[in-house]
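Pasting model.csv here (CSV, N, CA and C atoms):
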chain,number,residue,atom,x,y,z
A,1,VAL,N,0.8,-1.2,0.0
A,1,VAL,CA,0.0,0.0,0.0
A,1,VAL,C,0.9,1.2,0.0
A,2,SER,N,0.7,2.1,-1.0
A,2,SER,CA,1.5,3.3,-1.0
A,2,SER,C,1.0,4.3,0.0
A,3,ASP,N,1.8,5.3,0.4
A,3,ASP,CA,1.4,6.2,1.4
A,3,ASP,C,1.6,7.6,0.9
A,4,ASP,N,0.5,8.5,1.0
A,4,ASP,CA,0.6,9.8,0.4
A,4,ASP,C,1.3,10.9,1.2
A,5,HIS,N,1.3,10.7,2.5
A,5,HIS,CA,2.0,11.7,3.4
A,5,HIS,C,2.8,11.0,4.5
A,6,GLY,N,3.8,11.7,5.0
A,6,GLY,CA,4.7,11.1,6.0
A,6,GLY,C,3.9,10.7,7.3
A,7,ASN,N,4.5,9.7,7.9
A,7,ASN,CA,4.0,9.1,9.2
A,7,ASN,C,4.6,9.7,10.4
A,8,SER,N,5.4,10.8,10.3
A,8,SER,CA,6.0,11.3,11.5
A,8,SER,C,6.3,12.8,11.3
A,9,ILE,N,6.7,13.5,12.3
A,9,ILE,CA,7.0,14.9,12.1
A,9,ILE,C,8.2,15.1,11.2
A,10,GLY,N,9.1,14.1,11.3
A,10,GLY,CA,10.3,14.2,10.5
A,10,GLY,C,10.1,14.1,9.0
A,11,SER,N,8.9,13.4,8.6
A,11,SER,CA,8.6,13.2,7.2
A,11,SER,C,7.3,13.9,6.8
A,12,ALA,N,6.9,15.0,7.6
A,12,ALA,CA,5.7,15.7,7.4
A,12,ALA,C,5.7,16.4,6.1
A,13,THR,N,4.5,16.5,5.5
A,13,THR,CA,4.3,17.2,4.2
A,13,THR,C,4.1,18.7,4.6
A,14,ALA,N,4.9,19.6,3.9
A,14,ALA,CA,4.8,21.0,4.2
A,14,ALA,C,3.5,21.5,3.5
A,15,ILE,N,2.7,22.3,4.2
A,15,ILE,CA,1.6,23.0,3.6
A,15,ILE,C,1.6,24.5,4.0
A,16,GLY,N,0.9,25.3,3.2
A,16,GLY,CA,0.8,26.7,3.4
A,16,GLY,C,-0.5,27.0,4.2
A,17,THR,N,-0.6,28.3,4.5
A,17,THR,CA,-1.8,28.8,5.2
A,17,THR,C,-2.9,29.0,4.2
A,18,ASN,N,-4.1,28.9,4.7
A,18,ASN,CA,-5.3,29.2,3.9
A,18,ASN,C,-5.3,28.3,2.6
A,19,THR,N,-5.0,27.0,2.8
A,19,THR,CA,-5.0,26.1,1.7
A,19,THR,C,-5.7,24.8,2.1
A,20,THR,N,-6.0,24.0,1.1
A,20,THR,CA,-6.7,22.7,1.3
A,20,THR,C,-5.8,21.7,0.6
A,21,VAL,N,-5.6,20.6,1.2
A,21,VAL,CA,-4.7,19.5,0.7
A,21,VAL,C,-5.5,18.2,0.8
A,22,ALA,N,-5.4,17.3,-0.2
A,22,ALA,CA,-6.1,16.0,-0.2
A,22,ALA,C,-5.2,15.0,0.5
A,23,GLY,N,-5.8,14.1,1.2
A,23,GLY,CA,-5.1,13.1,1.9
A,23,GLY,C,-5.9,11.8,2.0
A,24,ALA,N,-5.3,10.7,2.4
A,24,ALA,CA,-5.9,9.4,2.5
A,24,ALA,C,-5.3,8.6,3.6
A,25,ILE,N,-6.1,8.0,4.4
A,25,ILE,CA,-5.6,7.0,5.4
A,25,ILE,C,-5.5,5.7,4.6
A,26,ASN,N,-4.2,5.4,4.2
A,26,ASN,CA,-4.0,4.3,3.2
A,26,ASN,C,-4.1,2.9,3.7
A,27,GLY,N,-4.0,2.7,5.0
A,27,GLY,CA,-4.0,1.4,5.6
A,27,GLY,C,-4.3,1.5,7.1
A,28,GLY,N,-4.7,0.4,7.7
A,28,GLY,CA,-4.9,0.5,9.1
A,28,GLY,C,-3.7,1.0,9.9
A,29,GLY,N,-3.9,2.0,10.8
A,29,GLY,CA,-2.8,2.5,11.6
A,29,GLY,C,-2.0,3.6,10.9
A,30,ASP,N,-2.3,3.9,9.6
A,30,ASP,CA,-1.7,5.0,8.9
A,30,ASP,C,-2.0,6.4,9.6
A,31,GLN,N,-1.0,7.2,9.7
A,31,GLN,CA,-1.2,8.6,10.2
A,31,GLN,C,-0.6,9.5,9.2
A,32,ASP,N,-1.2,10.6,8.9
A,32,ASP,CA,-0.6,11.6,8.0
A,32,ASP,C,-0.2,12.8,8.8
A,33,TYR,N,1.0,13.3,8.6
A,33,TYR,CA,1.6,14.5,9.2
A,33,TYR,C,1.8,15.6,8.3
A,34,PHE,N,1.5,16.8,8.7
A,34,PHE,CA,1.6,18.0,7.9
A,34,PHE,C,2.4,19.0,8.7
A,35,ARG,N,3.2,19.8,8.1
A,35,ARG,CA,4.0,20.9,8.7
A,35,ARG,C,3.6,22.2,8.2
A,36,ILE,N,3.3,23.2,9.1
A,36,ILE,CA,2.9,24.5,8.7
A,36,ILE,C,3.8,25.5,9.5
A,37,THR,N,4.4,26.5,8.8
A,37,THR,CA,5.2,27.4,9.5
A,37,THR,C,4.5,28.8,9.4
A,38,LEU,N,4.4,29.4,10.6
A,38,LEU,CA,3.7,30.7,10.7
A,38,LEU,C,4.7,31.8,11.0
A,39,THR,N,4.6,32.9,10.4
A,39,THR,CA,5.6,34.0,10.6
A,39,THR,C,5.0,35.1,11.5
A,40,ALA,N,3.8,34.9,12.1
A,40,ALA,CA,3.2,35.8,13.0
A,40,ALA,C,2.3,35.1,14.0
A,41,ALA,N,2.0,35.7,15.0
A,41,ALA,CA,1.0,35.2,16.0
A,41,ALA,C,-0.4,35.4,15.4
A,42,GLY,N,-1.3,34.5,15.8
A,42,GLY,CA,-2.7,34.6,15.3
A,42,GLY,C,-3.5,33.4,15.7
A,43,THR,N,-4.6,33.1,14.9
A,43,THR,CA,-5.4,32.0,15.2
A,43,THR,C,-5.3,31.0,14.0
A,44,LEU,N,-4.9,29.8,14.3
A,44,LEU,CA,-4.8,28.7,13.4
A,44,LEU,C,-6.0,27.8,13.5
A,45,THR,N,-6.7,27.5,12.5
A,45,THR,CA,-7.8,26.6,12.5
A,45,THR,C,-7.5,25.5,11.4
A,46,VAL,N,-7.5,24.2,11.9
A,46,VAL,CA,-7.3,23.1,11.0
A,46,VAL,C,-8.5,22.2,11.1
A,47,TYR,N,-9.0,21.6,10.0
A,47,TYR,CA,-10.1,20.7,10.0
A,47,TYR,C,-10.1,19.9,8.7
A,48,THR,N,-10.9,18.8,8.8
A,48,THR,CA,-11.0,17.9,7.7
A,48,THR,C,-12.5,18.0,7.2
A,49,THR,N,-12.6,17.6,5.9
A,49,THR,CA,-14.0,17.4,5.3
A,49,THR,C,-13.9,16.1,4.6
A,50,GLY,N,-15.1,15.5,4.4
A,50,GLY,CA,-15.2,14.3,3.7
A,50,GLY,C,-16.0,13.3,4.5
A,51,SER,N,-16.1,12.0,4.0
A,51,SER,CA,-16.9,11.0,4.7
A,51,SER,C,-16.0,10.1,5.6
A,52,THR,N,-14.7,10.3,5.7
A,52,THR,CA,-13.9,9.5,6.5
A,52,THR,C,-13.9,10.0,8.0
A,53,ASP,N,-14.0,9.1,8.9
A,53,ASP,CA,-14.1,9.5,10.4
A,53,ASP,C,-12.7,9.8,10.8
A,54,THR,N,-12.3,11.1,10.8
A,54,THR,CA,-10.9,11.5,11.1
A,54,THR,C,-10.8,12.0,12.6
A,55,PHE,N,-9.6,11.8,13.1
A,55,PHE,CA,-9.2,12.3,14.4
A,55,PHE,C,-7.9,13.1,14.2
A,56,GLY,N,-7.9,14.4,14.7
A,56,GLY,CA,-6.8,15.2,14.4
A,56,GLY,C,-6.1,15.7,15.7
A,57,GLN,N,-4.8,16.0,15.5
A,57,GLN,CA,-4.0,16.6,16.6
A,57,GLN,C,-3.2,17.8,16.1
A,58,LEU,N,-3.1,18.8,16.9
A,58,LEU,CA,-2.2,19.9,16.6
A,58,LEU,C,-1.0,19.8,17.6
A,59,LEU,N,0.2,19.8,17.0
A,59,LEU,CA,1.4,19.6,17.7
A,59,LEU,C,2.3,20.8,17.6
A,60,ASP,N,3.1,21.1,18.6
A,60,ASP,CA,4.1,22.2,18.5
A,60,ASP,C,5.3,21.8,17.7
A,61,GLY,N,6.3,22.6,17.6
A,61,GLY,CA,7.5,22.3,16.8
A,61,GLY,C,8.3,21.2,17.3
A,62,ASN,N,8.1,20.8,18.6
A,62,ASN,CA,8.8,19.6,19.2
A,62,ASN,C,8.0,18.3,19.1
A,63,GLY,N,6.8,18.4,18.6
A,63,GLY,CA,5.9,17.3,18.5
A,63,GLY,C,5.0,17.0,19.7
A,64,VAL,N,4.9,18.0,20.6
A,64,VAL,CA,4.1,17.9,21.8
A,64,VAL,C,2.7,18.4,21.4
A,65,GLU,N,1.7,17.5,21.9
A,65,GLU,CA,0.3,17.8,21.5
A,65,GLU,C,-0.2,19.1,22.2
A,66,LEU,N,-0.7,20.0,21.4
A,66,LEU,CA,-1.4,21.2,22.0
A,66,LEU,C,-2.9,21.1,22.1
A,67,ALA,N,-3.5,20.3,21.1
A,67,ALA,CA,-4.9,20.1,21.1
A,67,ALA,C,-5.2,18.9,20.2
A,68,SER,N,-6.4,18.3,20.5
A,68,SER,CA,-6.8,17.2,19.6
A,68,SER,C,-8.4,17.3,19.6
A,69,ASN,N,-8.9,16.6,18.5
A,69,ASN,CA,-10.4,16.7,18.4
A,69,ASN,C,-10.8,15.5,17.5
A,70,ASP,N,-12.1,15.1,17.8
A,70,ASP,CA,-12.8,14.1,17.0
A,70,ASP,C,-14.2,14.5,16.8
A,71,ASP,N,-14.7,14.4,15.6
A,71,ASP,CA,-16.2,14.6,15.4
A,71,ASP,C,-16.7,16.0,15.8
A,72,ALA,N,-16.0,17.1,15.4
A,72,ALA,CA,-16.5,18.4,15.7
A,72,ALA,C,-17.7,18.7,14.8
A,73,THR,N,-17.6,18.3,13.5
A,73,THR,CA,-18.7,18.4,12.6
A,73,THR,C,-18.8,17.1,11.9
A,74,ASP,N,-19.9,16.4,12.0
A,74,ASP,CA,-20.2,15.1,11.6
A,74,ASP,C,-19.0,14.2,11.9
A,75,LEU,N,-18.3,13.6,11.0
A,75,LEU,CA,-17.2,12.7,11.3
A,75,LEU,C,-15.8,13.3,11.2
A,76,ASN,N,-15.8,14.6,11.0
A,76,ASN,CA,-14.5,15.4,10.8
A,76,ASN,C,-14.1,16.1,12.1
A,77,PHE,N,-12.8,16.2,12.2
A,77,PHE,CA,-12.2,17.0,13.4
A,77,PHE,C,-12.1,18.5,13.0
A,78,ARG,N,-12.0,19.3,14.0
A,78,ARG,CA,-11.8,20.7,13.9
A,78,ARG,C,-11.1,21.2,15.1
A,79,ILE,N,-9.9,21.9,14.9
A,79,ILE,CA,-9.1,22.5,16.0
A,79,ILE,C,-8.9,24.0,15.6
A,80,SER,N,-9.2,24.9,16.6
A,80,SER,CA,-8.9,26.3,16.4
A,80,SER,C,-8.1,26.7,17.7
A,81,ARG,N,-7.0,27.4,17.4
A,81,ARG,CA,-6.1,27.7,18.6
A,81,ARG,C,-5.3,29.0,18.3
A,82,SER,N,-5.2,29.8,19.3
A,82,SER,CA,-4.3,30.9,19.2
A,82,SER,C,-2.8,30.4,19.3
A,83,VAL,N,-2.0,30.9,18.4
A,83,VAL,CA,-0.6,30.4,18.4
A,83,VAL,C,0.4,31.5,18.1
A,84,ASN,N,1.6,31.3,18.5
A,84,ASN,CA,2.7,32.3,18.2
A,84,ASN,C,3.3,31.9,16.8
A,85,ALA,N,4.2,32.8,16.3
A,85,ALA,CA,5.0,32.4,15.2
A,85,ALA,C,5.8,31.2,15.4
A,86,GLY,N,5.9,30.3,14.4
A,86,GLY,CA,6.7,29.1,14.6
A,86,GLY,C,6.2,28.0,13.7
A,87,THR,N,6.7,26.8,13.9
A,87,THR,CA,6.4,25.6,13.1
A,87,THR,C,5.4,24.8,14.0
A,88,TYR,N,4.4,24.3,13.3
A,88,TYR,CA,3.4,23.4,13.9
A,88,TYR,C,3.2,22.2,13.0
A,89,TYR,N,2.7,21.1,13.6
A,89,TYR,CA,2.4,19.9,12.9
A,89,TYR,C,0.9,19.5,13.1
A,90,ILE,N,0.3,19.0,12.1
A,90,ILE,CA,-1.1,18.5,12.2
A,90,ILE,C,-1.0,17.0,11.9
A,91,ALA,N,-1.5,16.2,12.8
A,91,ALA,CA,-1.5,14.7,12.6
A,91,ALA,C,-3.0,14.3,12.3
A,92,VAL,N,-3.2,13.5,11.3
A,92,VAL,CA,-4.5,13.1,10.9
A,92,VAL,C,-4.5,11.5,10.9
A,93,ARG,N,-5.5,10.9,11.6
A,93,ARG,CA,-5.6,9.5,11.5
A,93,ARG,C,-7.1,9.1,11.4
A,94,HIS,N,-7.4,7.9,11.1
A,94,HIS,CA,-8.8,7.4,11.2
A,94,HIS,C,-9.1,7.2,12.6
A,95,PHE,N,-10.4,7.5,13.0
A,95,PHE,CA,-10.8,7.2,14.4
A,95,PHE,C,-10.7,5.7,14.7
A,96,ASP,N,-11.0,4.9,13.8
A,96,ASP,CA,-10.9,3.4,13.9
A,96,ASP,C,-9.5,3.0,13.5
A,97,GLY,N,-8.8,2.4,14.4
A,97,GLY,CA,-7.4,2.0,14.1
A,97,GLY,C,-7.2,1.2,12.8
A,98,ALA,N,-8.3,0.5,12.4
A,98,ALA,CA,-8.2,-0.3,11.2
A,98,ALA,C,-8.8,0.4,10.0
A,99,GLY,N,-9.4,1.6,10.2
A,99,GLY,CA,-10.1,2.2,9.1
A,99,GLY,C,-9.2,2.9,8.1
A,100,THR,N,-9.8,3.1,6.9
A,100,THR,CA,-9.1,3.7,5.8
A,100,THR,C,-10.1,4.7,5.1
A,101,GLY,N,-9.6,5.6,4.3
A,101,GLY,CA,-10.5,6.5,3.5
A,101,GLY,C,-9.8,7.8,3.2
A,102,SER,N,-10.4,8.5,2.3
A,102,SER,CA,-9.8,9.8,1.9
A,102,SER,C,-10.5,11.0,2.7
A,103,TYR,N,-9.8,12.1,2.7
A,103,TYR,CA,-10.3,13.3,3.3
A,103,TYR,C,-9.6,14.5,2.7
A,104,SER,N,-10.1,15.7,3.0
A,104,SER,CA,-9.4,17.0,2.7
A,104,SER,C,-9.1,17.7,3.9
A,105,LEU,N,-7.9,18.2,4.0
A,105,LEU,CA,-7.4,18.9,5.2
A,105,LEU,C,-7.3,20.4,4.8
A,106,ARG,N,-8.0,21.2,5.7
A,106,ARG,CA,-7.9,22.7,5.5
A,106,ARG,C,-7.2,23.3,6.6
A,107,ALA,N,-6.3,24.3,6.3
A,107,ALA,CA,-5.5,25.0,7.3
A,107,ALA,C,-5.8,26.5,7.1
A,108,ASP,N,-6.5,27.2,8.0
A,108,ASP,CA,-6.7,28.6,7.9
A,108,ASP,C,-6.0,29.3,9.0
A,109,PHE,N,-5.4,30.5,8.6
A,109,PHE,CA,-4.7,31.3,9.6
A,109,PHE,C,-5.1,32.8,9.5
A,110,VAL,N,-5.4,33.3,10.7
A,110,VAL,CA,-5.7,34.8,10.7
A,110,VAL,C,-4.7,35.4,11.7
A,111,PRO,N,-3.8,36.3,11.2
A,111,PRO,CA,-2.8,36.9,12.0
A,111,PRO,C,-3.5,37.9,13.0
A,112,VAL,N,-2.8,38.1,14.1
A,112,VAL,CA,-3.2,39.2,15.0
A,112,VAL,C,-3.0,40.5,14.3
A,113,PRO,N,-3.9,41.4,14.3
A,113,PRO,CA,-3.7,42.7,13.7
A,113,PRO,C,-2.5,43.5,14.3
A,114,PRO,N,-1.8,44.2,13.5
A,114,PRO,CA,-0.6,44.9,14.0
A,114,PRO,C,-1.0,46.0,14.9
Here is the file; what I need is its structure written in the form of structure tokens.
Amino acid sequence: VSDDHGNSIGSATAIGTNTTVAGAINGGGDQDYFRITLTAAGTLTVYTTGSTDTFGQLLDGNGVELASNDDATDLNFRISRSVNAGTYYIAVRHFDGAGTGSYSLRADFVPVPP
């Protein structure tokens, strides 16, 4: 089974702000990691859409969990958090450890006004 995104922070796929990226949980236990670098403080909101039951985590630059969510809207997760400038990681997995399926990940960022 091929894998579309890295399974750790070291192999995370870089994404930009205010973008959507396609992903898939390719096999049981697969996790997809994404890296986002912010140049200012603000509010970062990450969420999935689609019919796959996703579970998401927001991690700091060291891989420490800042927040996690499951089923904010239907089967999709949603995390919104005030953050400082820096690098953050988003981990996406299927809620069911054996589950698979595709999803879209959205990352929105609103900087603090100067």
Could you list, as an mmCIF file with N, CA and C atoms, in the coordinates of the input, every residue within 6.5 Å of Gly50 (chain A), counting all atoms listed in the file and ignoring same-chain residues fewer than 5 positions away?
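Contents of around.cif, as written:
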data_model
loop_
_atom_site.group_PDB
_atom_site.id
_atom_site.type_symbol
_atom_site.label_atom_id
_atom_site.label_comp_id
_atom_site.auth_asym_id
_atom_site.auth_seq_id
_atom_site.Cartn_x
_atom_site.Cartn_y
_atom_site.Cartn_z
ATOM 1 N N ASN A 76 -15.800 14.600 11.000
ATOM 2 C CA ASN A 76 -14.500 15.400 10.800
ATOM 3 C C ASN A 76 -14.100 16.100 12.100
ATOM 4 N N SER A 102 -10.400 8.500 2.300
ATOM 5 C CA SER A 102 -9.800 9.800 1.900
ATOM 6 C C SER A 102 -10.500 11.000 2.700
ATOM 7 N N TYR A 103 -9.800 12.100 2.700
ATOM 8 C CA TYR A 103 -10.300 13.300 3.300
ATOM 9 C C TYR A 103 -9.600 14.500 2.700
ATOM 10 N N SER A 104 -10.100 15.700 3.000
ATOM 11 C CA SER A 104 -9.400 17.000 2.700
ATOM 12 C C SER A 104 -9.100 17.700 3.900
#
Would you list the contacts of region 67-74 of chain A as a JSON list (two decimals) with N, CA and C atoms, in the frame of the given file, taking every protein, DNA or RNA residue within 5 Å and counting only N, CA and C atoms, but skipping same-chain residues closer than 4 positions in sequence?
[["chain", "number", "residue", "atom", "x", "y", "z"],
["A", 55, "PHE", "N", -9.60, 11.80, 13.10],
["A", 55, "PHE", "CA", -9.20, 12.30, 14.40],
["A", 55, "PHE", "C", -7.90, 13.10, 14.20],
["A", 56, "GLY", "N", -7.90, 14.40, 14.70],
["A", 56, "GLY", "CA", -6.80, 15.20, 14.40],
["A", 56, "GLY", "C", -6.10, 15.70, 15.70],
["A", 57, "GLN", "N", -4.80, 16.00, 15.50],
["A", 57, "GLN", "CA", -4.00, 16.60, 16.60],
["A", 57, "GLN", "C", -3.20, 17.80, 16.10],
["A", 58, "LEU", "N", -3.10, 18.80, 16.90],
["A", 58, "LEU", "CA", -2.20, 19.90, 16.60],
["A", 58, "LEU", "C", -1.00, 19.80, 17.60],
["A", 78, "ARG", "N", -12.00, 19.30, 14.00],
["A", 78, "ARG", "CA", -11.80, 20.70, 13.90],
["A", 78, "ARG", "C", -11.10, 21.20, 15.10]]
Query - Nearest candidate to Ala98 (chain A) (options A:Gly63, A:Leu75, A:Ile25, A:Pro113; using only C-alpha atoms) - result: A:Ile25
Report task. Check region 1-107 of chain A with DSSP on the backbone and list each residue it calls strand (DSSP E), as a ChimeraX atom specification. Result -> /A:13-14,19-25,31-38,42-49,54-59,65-70,78-83,86-94,101-107
Query raised in the report: Which residues come within 8 Å of Asn18 (chain A), counting only N, CA and C atoms, excluding same-chain residues fewer than 3 positions away, as a VMD selection string?
Result: chain A and resid 15 21 106 to 110
Report task. Could you check which of A:Gln31, A:Asn7, A:Thr87, A:Thr20 is closest to Gly61 (chain A), using all atoms listed in the file? Result -> A:Thr87
Report summary line: Using only N, CA and C atoms, the best pick from A:Ile9, A:Ala40, A:Thr54, A:Leu66 as closest to Arg93 (chain A) would be A:Thr54
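Closest approach to Asp53 (chain A) among A:Gly99, A:Pro111, A:Gly29, A:Gly6 is made by A:Gly99 (distances from all atoms listed in the file).
Taking atom N of His5 (chain A) and atom N of Arg35 (chain A) as the two end points, the separation is 10.9 Å.
As for CA of Asp96 (chain A) and atom N of Ser82 (chain A), they are spaced 27.5 Å apart.
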Query raised in the report: So which residues touch Asp4 (chain A) within 7 Å, counting all atoms listed in the file, skipping near sequence neighbours fewer than 6 positions away, as a ChimeraX atom specification?
Result: /A:23-24,26
Take the residues that were just selected and, keeping N, CA and C atoms, output them as a CSV table (one decimal), in the frame of the given file.
chain,number,residue,atom,x,y,z
A,23,GLY,N,-5.8,14.1,1.2
A,23,GLY,CA,-5.1,13.1,1.9
A,23,GLY,C,-5.9,11.8,2.0
A,24,ALA,N,-5.3,10.7,2.4
A,24,ALA,CA,-5.9,9.4,2.5
A,24,ALA,C,-5.3,8.6,3.6
A,26,ASN,N,-4.2,5.4,4.2
A,26,ASN,CA,-4.0,4.3,3.2
A,26,ASN,C,-4.1,2.9,3.7
Report summary line: Taken to one decimal, the CA of His94 (chain A)-CA of Thr52 (chain A) distance is 7.2 Å
Since the input is missing atoms, can you rebuild all heavy atoms for region 11-20 of chain A and write them as a short mmCIF file (atom, residue, chain, number, x, y, z; two decimals), keeping the file's coordinate frame?
data_model
loop_
_atom_site.label_atom_id
_atom_site.label_comp_id
_atom_site.auth_asym_id
_atom_site.auth_seq_id
_atom_site.Cartn_x
_atom_site.Cartn_y
_atom_site.Cartn_z
N SER A 11 8.90 13.40 8.60
CA SER A 11 8.60 13.20 7.20
C SER A 11 7.30 13.90 6.80
O SER A 11 6.65 13.60 5.85
CB SER A 11 8.51 11.75 6.89
OG SER A 11 7.51 11.13 7.69
N ALA A 12 6.90 15.00 7.60
CA ALA A 12 5.70 15.70 7.40
C ALA A 12 5.70 16.40 6.10
O ALA A 12 6.69 16.93 5.62
CB ALA A 12 5.43 16.66 8.55
N THR A 13 4.50 16.50 5.50
CA THR A 13 4.30 17.20 4.20
C THR A 13 4.10 18.70 4.60
O THR A 13 3.26 19.05 5.40
CB THR A 13 3.03 16.72 3.49
OG1 THR A 13 3.21 15.33 3.18
CG2 THR A 13 2.77 17.50 2.22
N ALA A 14 4.90 19.60 3.90
CA ALA A 14 4.80 21.00 4.20
C ALA A 14 3.50 21.50 3.50
O ALA A 14 3.22 21.18 2.32
CB ALA A 14 5.98 21.75 3.63
N ILE A 15 2.70 22.30 4.20
CA ILE A 15 1.60 23.00 3.60
C ILE A 15 1.60 24.50 4.00
O ILE A 15 2.27 24.89 4.90
CB ILE A 15 0.23 22.36 4.12
CG1 ILE A 15 0.08 22.50 5.64
CG2 ILE A 15 0.14 20.90 3.70
CD1 ILE A 15 -1.28 22.08 6.17
N GLY A 16 0.90 25.30 3.20
CA GLY A 16 0.80 26.70 3.40
C GLY A 16 -0.50 27.00 4.20
O GLY A 16 -1.33 26.19 4.45
N THR A 17 -0.60 28.30 4.50
CA THR A 17 -1.80 28.80 5.20
C THR A 17 -2.90 29.00 4.20
O THR A 17 -2.62 29.30 3.03
CB THR A 17 -1.49 30.08 6.00
OG1 THR A 17 -0.99 31.06 5.10
CG2 THR A 17 -0.49 29.84 7.10
N ASN A 18 -4.10 28.90 4.70
CA ASN A 18 -5.30 29.20 3.90
C ASN A 18 -5.30 28.30 2.60
O ASN A 18 -5.54 28.78 1.49
CB ASN A 18 -5.41 30.68 3.52
CG ASN A 18 -5.38 31.52 4.78
OD1 ASN A 18 -6.03 31.20 5.78
ND2 ASN A 18 -4.60 32.57 4.78
N THR A 19 -5.00 27.00 2.80
CA THR A 19 -5.00 26.10 1.70
C THR A 19 -5.70 24.80 2.10
O THR A 19 -5.93 24.52 3.30
CB THR A 19 -3.51 25.67 1.38
OG1 THR A 19 -2.88 25.12 2.54
CG2 THR A 19 -2.69 26.85 0.89
N THR A 20 -6.00 24.00 1.10
CA THR A 20 -6.70 22.70 1.30
C THR A 20 -5.80 21.70 0.60
O THR A 20 -5.30 21.92 -0.52
CB THR A 20 -8.07 22.68 0.67
OG1 THR A 20 -8.86 23.70 1.28
CG2 THR A 20 -8.74 21.33 0.88
#
